[in-house]
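Asks: The structure file data.txt (compact mmCIF, C-alpha atoms and all ligand atoms) is provided below.
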```txt
# COMPACT_ATOMS: atom_id res chain seq x y z
CA MET U 23 -6.54 8.26 15.40
CA SER U 24 -6.40 11.71 13.87
CA GLU U 25 -9.65 13.12 12.58
CA ASN U 26 -8.12 15.75 10.35
CA GLY U 27 -5.87 13.57 8.23
CA LEU U 28 -5.63 14.17 4.49
CA LEU U 29 -6.87 10.66 3.89
CA THR U 30 -8.79 8.55 6.36
CA VAL U 31 -9.77 4.93 6.01
CA ALA U 32 -12.59 3.94 8.36
CA GLY U 33 -13.62 0.33 8.88
CA LEU U 34 -12.70 -0.50 5.30
CA SER U 35 -13.48 -4.06 4.18
CA LYS U 36 -13.37 -5.96 0.92
CA LEU U 37 -14.72 -9.47 0.53
CA PHE U 38 -14.13 -11.42 -2.67
CA PRO U 39 -16.59 -14.25 -3.33
CA VAL U 40 -15.03 -17.63 -3.99
CA LYS U 41 -17.01 -20.39 -5.61
CA LYS U 42 -16.42 -23.75 -4.08
CA ARG U 43 -17.86 -25.73 -6.95
CA THR U 44 -18.12 -24.28 -10.41
CA TYR U 45 -21.62 -25.70 -10.91
CA SER U 46 -22.92 -24.21 -7.70
CA LEU U 47 -25.02 -21.18 -8.38
CA ARG U 48 -24.89 -19.75 -4.91
CA VAL U 49 -21.63 -18.18 -3.83
CA ARG U 50 -21.04 -19.31 -0.28
CA ASN U 51 -17.51 -18.35 0.66
CA PHE U 52 -15.64 -15.08 0.85
CA ILE U 53 -12.00 -14.15 0.99
CA HIS U 54 -11.74 -11.43 3.63
CA ALA U 55 -8.99 -9.59 1.74
CA VAL U 56 -9.34 -6.38 3.76
CA ASP U 57 -11.17 -6.60 7.06
CA GLY U 58 -12.18 -3.51 9.01
CA LEU U 59 -9.10 -1.40 8.32
CA SER U 60 -8.83 2.05 9.94
CA PHE U 61 -5.99 4.54 9.66
CA SER U 62 -5.30 8.11 8.71
CA VAL U 63 -2.55 9.65 6.55
CA GLU U 64 -1.51 13.20 7.35
CA ARG U 65 -0.59 15.82 4.77
CA GLY U 66 3.02 15.32 3.65
CA GLU U 67 3.26 11.99 5.43
CA VAL U 68 4.50 8.65 4.09
CA PHE U 69 2.36 5.92 5.65
CA GLY U 70 3.62 2.39 5.07
CA LEU U 71 1.57 -0.78 4.76
CA VAL U 72 3.76 -3.79 5.39
CA GLY U 73 2.95 -7.49 5.34
CA GLU U 74 3.39 -10.78 3.56
CA SER U 75 1.97 -11.73 0.18
CA GLY U 76 -1.82 -11.94 0.21
CA CYS U 77 -2.40 -9.88 3.36
CA GLY U 78 -4.44 -7.30 1.41
CA LYS U 79 -2.01 -4.48 0.68
CA THR U 80 -2.81 -4.04 -3.01
CA THR U 81 -6.55 -4.40 -2.36
CA THR U 82 -6.30 -1.59 0.21
CA GLY U 83 -4.47 0.62 -2.31
CA LYS U 84 -7.07 -0.07 -4.99
CA LEU U 85 -9.94 0.66 -2.61
CA ILE U 86 -8.38 4.00 -1.72
CA VAL U 87 -7.89 5.09 -5.35
CA LYS U 88 -11.33 3.77 -6.33
CA LEU U 89 -10.22 0.98 -8.62
CA LEU U 90 -12.32 -1.25 -6.35
CA ASP U 91 -15.48 -0.60 -4.38
CA PRO U 92 -15.47 -1.53 -0.70
CA THR U 93 -17.82 -4.11 0.80
CA ALA U 94 -18.04 -1.97 3.93
CA GLY U 95 -16.43 1.10 5.45
CA ALA U 96 -15.34 4.35 3.91
CA VAL U 97 -12.44 6.33 2.49
CA LEU U 98 -12.44 10.02 3.38
CA LEU U 99 -10.41 12.59 1.47
CA GLY U 100 -10.01 15.89 3.30
CA GLY U 101 -12.77 14.72 5.64
CA GLU U 102 -15.24 14.03 2.83
CA ASN U 103 -16.60 10.59 2.17
CA THR U 104 -15.60 9.49 -1.34
CA ALA U 105 -18.31 6.81 -1.58
CA SER U 106 -20.63 8.88 -3.77
CA ILE U 107 -17.87 9.61 -6.32
CA ARG U 108 -18.57 7.24 -9.21
CA ARG U 109 -18.08 8.81 -12.61
CA GLY U 110 -17.91 12.01 -14.63
CA LYS U 111 -16.82 15.29 -13.15
CA PRO U 112 -16.56 14.17 -9.49
CA LEU U 113 -14.38 11.20 -10.49
CA ARG U 114 -12.14 13.45 -12.62
CA ALA U 115 -11.76 15.82 -9.68
CA PHE U 116 -10.91 12.86 -7.45
CA ARG U 117 -8.29 11.58 -9.91
CA ARG U 118 -6.69 15.01 -9.89
CA ARG U 119 -6.03 14.53 -6.18
CA VAL U 120 -5.42 10.79 -5.82
CA GLN U 121 -3.19 8.60 -8.00
CA MET U 122 -1.59 5.16 -7.85
CA ILE U 123 1.81 3.78 -8.89
CA PHE U 124 1.84 0.06 -9.64
CA GLN U 125 4.33 -2.65 -8.91
CA ASP U 126 5.06 -3.80 -12.44
CA PRO U 127 6.42 -1.12 -14.78
CA TYR U 128 6.22 -3.60 -17.68
CA GLU U 129 2.50 -4.24 -17.30
CA SER U 130 1.37 -0.80 -16.24
CA LEU U 131 2.53 1.05 -19.38
CA ASN U 132 0.67 0.76 -22.67
CA PRO U 133 3.25 -0.61 -25.16
CA ARG U 134 1.73 1.39 -28.02
CA PHE U 135 1.93 4.70 -26.18
CA THR U 136 5.01 6.91 -26.32
CA VAL U 137 6.33 8.32 -23.07
CA PHE U 138 4.65 11.61 -23.97
CA ASP U 139 1.26 9.94 -24.57
CA THR U 140 1.49 8.01 -21.30
CA VAL U 141 2.52 10.93 -19.12
CA ALA U 142 0.13 13.40 -20.80
CA GLU U 143 -2.89 11.09 -20.48
CA PRO U 144 -4.05 12.28 -17.04
CA LEU U 145 -3.93 15.85 -18.39
CA VAL U 146 -5.95 14.83 -21.46
CA VAL U 147 -8.54 13.18 -19.20
CA GLN U 148 -8.79 16.35 -17.13
CA ASN U 149 -9.29 18.32 -20.38
CA ARG U 150 -8.24 21.60 -18.80
CA HIS U 151 -4.95 22.31 -20.54
CA SER U 152 -3.92 23.62 -23.93
CA VAL U 153 -1.54 21.52 -26.02
CA ALA U 154 1.32 23.86 -25.16
CA GLU U 155 0.55 23.60 -21.43
CA ARG U 156 0.48 19.83 -21.70
CA GLU U 157 3.85 19.74 -23.44
CA ARG U 158 5.37 22.01 -20.83
CA ALA U 159 3.93 19.99 -17.92
CA VAL U 160 5.19 16.70 -19.39
CA ALA U 161 8.67 18.09 -20.03
CA GLU U 162 8.84 19.49 -16.49
CA ILE U 163 7.76 16.29 -14.79
CA LEU U 164 10.14 14.17 -16.92
CA VAL U 165 13.02 16.32 -15.69
CA ALA U 166 11.71 16.02 -12.13
CA VAL U 167 11.72 12.20 -12.33
CA GLY U 168 15.23 12.13 -13.77
CA LEU U 169 14.39 11.54 -17.44
CA ALA U 170 16.42 14.44 -18.82
CA PRO U 171 16.73 16.00 -21.23
CA PRO U 172 13.02 15.35 -21.79
CA GLU U 173 13.22 15.52 -25.63
CA THR U 174 15.32 12.36 -25.65
CA PHE U 175 12.62 10.40 -23.80
CA MET U 176 9.29 11.87 -24.92
CA PHE U 177 8.89 9.93 -28.12
CA ARG U 178 10.29 6.61 -27.01
CA PHE U 179 8.15 3.54 -26.47
CA PRO U 180 8.23 1.40 -23.29
CA HIS U 181 10.30 -1.35 -25.01
CA GLU U 182 13.05 1.20 -25.60
CA LEU U 183 13.39 1.89 -21.88
CA SER U 184 15.01 0.04 -18.98
CA GLY U 185 12.91 -1.17 -16.03
CA GLY U 186 14.02 1.76 -13.90
CA GLN U 187 13.22 4.25 -16.67
CA ARG U 188 9.78 2.71 -17.11
CA GLN U 189 9.05 3.07 -13.43
CA ARG U 190 10.16 6.70 -13.66
CA VAL U 191 7.64 7.14 -16.50
CA SER U 192 4.90 5.61 -14.29
CA ILE U 193 5.85 7.98 -11.50
CA ALA U 194 5.81 10.96 -13.92
CA ARG U 195 2.35 9.92 -15.06
CA ALA U 196 1.07 9.78 -11.47
CA MET U 197 2.67 13.12 -10.58
CA VAL U 198 2.02 15.22 -13.70
CA ILE U 199 -1.25 16.61 -12.30
CA HIS U 200 0.36 17.27 -8.90
CA PRO U 201 -1.90 15.02 -6.82
CA ASP U 202 -2.22 15.38 -3.05
CA PHE U 203 -2.07 11.67 -2.41
CA VAL U 204 -0.36 8.74 -4.17
CA ALA U 205 -0.70 5.05 -3.34
CA ALA U 206 2.63 3.47 -4.35
CA ASP U 207 2.26 -0.33 -4.54
CA GLU U 208 5.68 -1.96 -4.15
CA PRO U 209 7.14 0.48 -6.70
CA THR U 210 10.64 -1.04 -6.54
CA SER U 211 10.03 -4.74 -5.99
CA MET U 212 10.16 -5.65 -9.71
CA LEU U 213 13.35 -3.66 -10.26
CA ASP U 214 16.97 -4.64 -10.11
CA VAL U 215 18.33 -4.23 -6.57
CA SER U 216 20.95 -1.76 -7.82
CA ILE U 217 18.36 0.77 -8.96
CA ARG U 218 15.82 0.49 -6.14
CA ALA U 219 17.44 3.09 -3.92
CA GLY U 220 17.33 5.64 -6.76
CA ILE U 221 13.56 5.20 -7.14
CA MET U 222 13.03 5.49 -3.37
CA GLU U 223 15.10 8.68 -3.28
CA LEU U 224 13.09 10.02 -6.20
CA LEU U 225 9.78 9.42 -4.40
CA LEU U 226 11.04 11.08 -1.22
CA GLY U 227 12.37 14.02 -3.26
CA LEU U 228 9.01 14.45 -5.00
CA ARG U 229 7.27 14.46 -1.65
CA ALA U 230 9.47 17.35 -0.55
CA ASP U 231 9.13 19.24 -3.86
CA LEU U 232 5.45 18.65 -4.62
CA GLY U 233 4.12 18.18 -1.09
CA VAL U 234 2.49 14.86 -1.96
CA SER U 235 1.55 12.25 0.68
CA TYR U 236 2.05 8.54 0.10
CA LEU U 237 0.57 5.25 1.06
CA TYR U 238 3.73 3.20 0.58
CA ILE U 239 3.05 -0.50 0.15
CA THR U 240 5.88 -2.97 0.67
CA HIS U 241 6.49 -6.45 2.04
CA ASP U 242 9.90 -5.28 3.27
CA LEU U 243 10.00 -3.80 6.76
CA ALA U 244 13.49 -2.38 6.19
CA VAL U 245 12.21 -0.46 3.15
CA ALA U 246 9.21 0.77 5.14
CA ARG U 247 11.46 1.92 7.95
CA TYR U 248 13.53 3.94 5.48
CA MET U 249 10.63 5.42 3.54
CA CYS U 250 7.86 5.95 6.05
CA ASN U 251 6.92 8.21 8.95
CA ARG U 252 4.46 5.65 10.26
CA ILE U 253 3.88 1.99 9.50
CA GLY U 254 0.84 -0.25 9.67
CA VAL U 255 1.72 -3.95 9.77
CA MET U 256 -0.95 -6.07 8.08
CA TYR U 257 -1.79 -9.69 8.63
CA LEU U 258 -4.63 -11.37 6.69
CA GLY U 259 -6.64 -8.24 6.06
CA LYS U 260 -6.11 -6.68 9.49
CA ILE U 261 -3.67 -4.08 10.79
CA VAL U 262 -2.03 -5.78 13.78
CA GLU U 263 0.42 -3.02 14.73
CA LEU U 264 0.54 0.67 13.85
CA GLY U 265 2.89 3.41 14.94
CA PRO U 266 5.88 5.61 14.16
CA ALA U 267 8.25 3.67 11.87
CA GLU U 268 11.22 3.61 14.24
CA GLU U 269 9.02 2.70 17.18
CA VAL U 270 7.39 -0.21 15.34
CA VAL U 271 10.79 -1.56 14.25
CA GLN U 272 12.80 -0.93 17.43
CA ASN U 273 10.06 -1.64 19.93
CA SER U 274 7.67 -3.97 18.14
CA LEU U 275 4.98 -5.32 20.43
CA HIS U 276 3.03 -7.69 18.18
CA PRO U 277 4.44 -11.23 17.79
CA TYR U 278 3.89 -11.03 14.02
CA THR U 279 5.92 -7.84 13.66
CA GLN U 280 8.59 -9.39 15.86
CA ALA U 281 8.69 -12.42 13.56
CA LEU U 282 8.97 -10.18 10.50
CA ILE U 283 11.91 -8.38 12.05
CA ALA U 284 13.55 -11.66 12.97
CA SER U 285 13.33 -12.73 9.32
CA VAL U 286 15.16 -9.69 7.91
CA PRO U 287 18.50 -10.84 6.44
CA VAL U 288 21.56 -9.98 8.50
CA PRO U 289 24.58 -8.96 6.36
CA ASP U 290 27.02 -11.09 8.34
CA PRO U 291 28.08 -14.51 6.98
CA THR U 292 29.06 -15.76 10.44
CA TYR U 293 25.62 -15.01 11.91
CA HIS U 294 23.50 -18.04 12.74
CA ARG U 295 19.81 -17.37 12.95
CA GLN U 296 17.81 -18.76 15.83
CA PRO U 297 15.18 -21.21 14.63
CA GLY U 298 12.12 -19.10 13.82
CA GLU U 299 9.33 -18.96 16.37
CA ILE U 300 6.62 -18.44 13.83
CA LYS U 301 4.79 -21.57 12.71
CA GLY U 302 3.28 -22.50 9.38
CA ASP U 303 2.30 -20.42 6.37
CA VAL U 304 -0.19 -17.74 5.55
CA ALA U 305 -3.45 -19.17 4.27
CA ALA U 306 -5.98 -17.18 2.25
CA PRO U 307 -8.50 -15.73 4.71
CA ILE U 308 -11.58 -17.57 3.42
CA ASP U 309 -14.38 -17.09 5.97
CA PRO U 310 -11.88 -16.91 8.83
CA PRO U 311 -13.07 -17.66 12.37
CA ALA U 312 -13.77 -14.64 14.57
CA ARG U 313 -10.66 -15.18 16.70
CA CYS U 314 -7.32 -13.41 16.23
CA ARG U 315 -6.18 -13.92 12.62
CA PHE U 316 -2.63 -14.62 13.76
CA TYR U 317 -3.63 -17.19 16.38
CA PRO U 318 -2.79 -20.33 14.32
CA ARG U 319 0.81 -19.16 13.89
CA CYS U 320 1.32 -17.30 17.14
CA PRO U 321 3.95 -18.46 19.64
CA ARG U 322 2.09 -16.68 22.45
CA GLY U 323 -1.55 -17.49 21.74
CA ASP U 324 -3.62 -19.21 24.40
CA LYS U 325 -7.20 -20.20 25.10
CA GLN U 326 -8.41 -16.63 25.42
CA CYS U 327 -6.99 -15.78 21.97
CA GLU U 328 -8.73 -18.80 20.51
CA GLU U 329 -12.12 -18.14 22.05
CA VAL U 330 -12.66 -14.41 21.77
CA SER U 331 -12.84 -12.27 18.64
CA HIS U 332 -9.89 -10.68 16.84
CA PRO U 333 -8.33 -8.12 19.23
CA PRO U 334 -8.95 -4.42 18.58
CA LEU U 335 -6.03 -2.02 18.07
CA ASP U 336 -5.07 -0.89 21.55
CA GLU U 337 -2.92 2.24 22.08
CA LEU U 338 -0.16 0.83 24.28
CA GLN U 339 2.26 3.74 23.84
CA PRO U 340 1.28 7.20 22.58
CA GLY U 341 0.53 6.70 18.87
CA HIS U 342 1.61 3.05 19.00
CA PHE U 343 -1.32 0.67 18.51
CA VAL U 344 -1.24 -3.11 18.84
CA ALA U 345 -3.93 -5.72 18.25
CA CYS U 346 -2.85 -8.48 20.63
CA TYR U 347 -4.43 -9.53 23.93
CA LYS U 348 -1.11 -10.77 25.25
CA ALA U 349 0.75 -7.54 24.40
CA SER U 350 -2.04 -5.47 26.00
CA ALA U 351 -2.02 -7.59 29.16
CA GLN U 352 1.77 -7.40 29.39
CA SER U 353 1.88 -3.62 28.99
CA ARG U 354 -0.69 -3.18 31.76
CA GLY U 355 1.51 -5.36 33.95
N1 LIG W 1 -10.00 -9.85 -7.68
C1 LIG W 1 -9.85 -10.77 -6.73
N2 LIG W 1 -10.70 -11.83 -6.65
C2 LIG W 1 -10.57 -12.74 -5.67
N3 LIG W 1 -9.63 -12.71 -4.72
C3 LIG W 1 -8.76 -11.69 -4.75
C4 LIG W 1 -8.82 -10.66 -5.75
N4 LIG W 1 -7.82 -9.77 -5.50
C5 LIG W 1 -7.17 -10.21 -4.41
N5 LIG W 1 -7.72 -11.36 -3.96
C6 LIG W 1 -7.31 -12.10 -2.75
O1 LIG W 1 -7.32 -11.20 -1.67
C7 LIG W 1 -6.22 -11.42 -0.81
C8 LIG W 1 -5.39 -10.15 -0.73
O2 LIG W 1 -4.77 -9.90 -1.99
P1 LIG W 1 -3.82 -8.65 -2.26
O3 LIG W 1 -3.43 -8.69 -3.69
O4 LIG W 1 -4.49 -7.41 -1.78
O5 LIG W 1 -2.57 -8.96 -1.33
P2 LIG W 1 -1.13 -8.26 -1.28
O6 LIG W 1 -0.85 -8.00 0.17
O7 LIG W 1 -1.07 -7.12 -2.21
O8 LIG W 1 -0.16 -9.44 -1.76
P3 LIG W 1 1.22 -9.36 -2.61
O9 LIG W 1 2.29 -9.01 -1.61
O10 LIG W 1 1.37 -10.75 -3.14
O11 LIG W 1 1.05 -8.33 -3.68
C9 LIG W 1 -5.47 -12.60 -1.39
O12 LIG W 1 -5.91 -13.77 -0.72
C10 LIG W 1 -5.90 -12.62 -2.84
O13 LIG W 1 -5.83 -13.92 -3.37
MG MG W 2 0.12 -6.70 -3.84
```
Go through the file and emit its structure as structure tokens.

Replies:
Amino acid sequence: MSENGLLTVAGLSKLFPVKKRTYSLRVRNFIHAVDGLSFSVERGEVFGLVGESGCGKTTTGKLIVKLLDPTAGAVLLGGENTASIRRGKPLRAFRRRVQMIFQDPYESLNPRFTVFDTVAEPLVVQNRHSVAERERAVAEILVAVGLAPPETFMFRFPHELSGGQRQRVSIARAMVIHPDFVAADEPTSMLDVSIRAGIMELLLGLRADLGVSYLYITHDLAVARYMCNRIGVMYLGKIVELGPAEEVVQNSLHPYTQALIASVPVPDPTYHRQPGEIKGDVAAPIDPPARCRFYPRCPRGDKQCEEVSHPPLDELQPGHFVACYKASAQSRG
């Protein structure tokens, strides 16, 4: 994987302790929410993280933007390890470069803040701008996110806005300081289907205009295909397939990715789906066995998969990585 990416995640892990019994003092079990993740996002790139609920997408986003501390591994920004950034000036400088957009535009906005207060807040935190500069920056970014003319939105409160307008305010807030990197966590999944495309177009337009890179988190492979240059498919805290978006969708090599593709709705009422190959449900990865995480649901798994540790990402095509012993064996003939 590229060494000179804008943002590099190296062996990133996050364990959450789970208490089995409330009276037990010792915490014995851990949810392996993110488990040894490695990938790199290039400047100007949209890198997608795709996977089912609970696979660790949001946790990964929060680790990257430093809303959570990792259990192991590192996040590098411009080649520099961000681990020592904790508070004060270094954290402010980090926030100037890295922002996050959240899934729920109803929860992520302070109901007592006007649009102006919300969008200006990152500038206030940075404490580097005059009042006039702040007003100009807020007005400019509101126009850029499609809330124009800005005067008609600046002094409204969240309850006076639609869901789509709220998400545009969240995007304006993330973009007002012109960050290099934004983690967008399912930014359209809480919105009405009819307005999702507009938000996706907006994010792609901002990338072109502001030169920002995204980690784009979604459970929807079709959305990832549309939005992203490259995709990492996650399963229970692990990336199981990673590569160029079209390649991962058209030529998927991991049985989990193949199952995800097979479950995408087909807009044809006469189409009858083949019975799914994939067995069972996702369980929370509490102290998972060393073997392949996907083994219990895999249609191709065998004794080897059960007995050896989770497969490493293997580059089967240039830039196309797959963590599956069977796929690796097949590609080597
Ligand atoms: N603060 C926490 N404490 C304990 N467990 C947590 C915490 N946050 C997340 N988890 C667990 O970690 C795993 C990954 O959660 P995460 O929210 O990252 O998944 P996700 O892929 O974003 O899912 P979704 O698609 O539902 O948003 C889940 O099993 C979840 O229950
Ligand atoms: Mg999530």

Asks: Could you check the closest approach to ligand MG 2 (chain W) for each of U:Asp231, U:Glu269, U:Asp336, U:Glu208 and tell me which residue wins, using only C-alpha atoms and all ligand atoms?

Replies: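 Looking at the shortest contact to ligand MG 2 (chain W), the residue is U:Glu208.
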
Asks: Throw together the list of residues within 12 Å of ligand LIG 1 (chain W), counting all atoms listed in the file, and drop it here as a ChimeraX atom specification.

Replies: /U:35-41,51-57,71-85,89-91,124-126,206-209,211-212,238-242,255-261,304-310

Asks: In terms of the shortest atom-to-atom distance over only C-alpha atoms and all ligand atoms, which of U:Leu232, U:Leu98, U:Ala32, U:Ile123 is closest to ligand MG 2 (chain W)?

Replies: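 Distance minimum relative to ligand MG 2 (chain W) lands on U:Ile123.
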
Asks: Just checking: using all atoms listed in the file, which residue out of U:Ala154, U:Tyr347, U:Gly110, U:Ala205 ends up closest to ligand MG 2 (chain W)?

Replies: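 Smallest separation from ligand MG 2 (chain W) among the options: U:Ala205.
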
Asks: Find the distance between CA of Glu129 (chain U) and CA of Ile163 (chain U) and write it in Å to one decimal.

Replies: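 For CA of Glu129 (chain U) relative to CA of Ile163 (chain U), the distance reads 21.3 Å.
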
Asks: With a distance cut-off of 7 Å and only C-alpha atoms, select the neighbouring residues of Val63 (chain U), excluding the residue or stretch itself and same-chain residues fewer than 2 positions from it, and output the selection as number ranges by chain.

Replies: U: 27-30, 61, 65, 67, 69

Asks: Can you work out the spacing between CA of Met249 (chain U) and CA of Tyr236 (chain U) in Å, to one decimal?

Replies: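 Spanning CA of Met249 (chain U) to CA of Tyr236 (chain U) is a straight-line distance of 9.8 Å.
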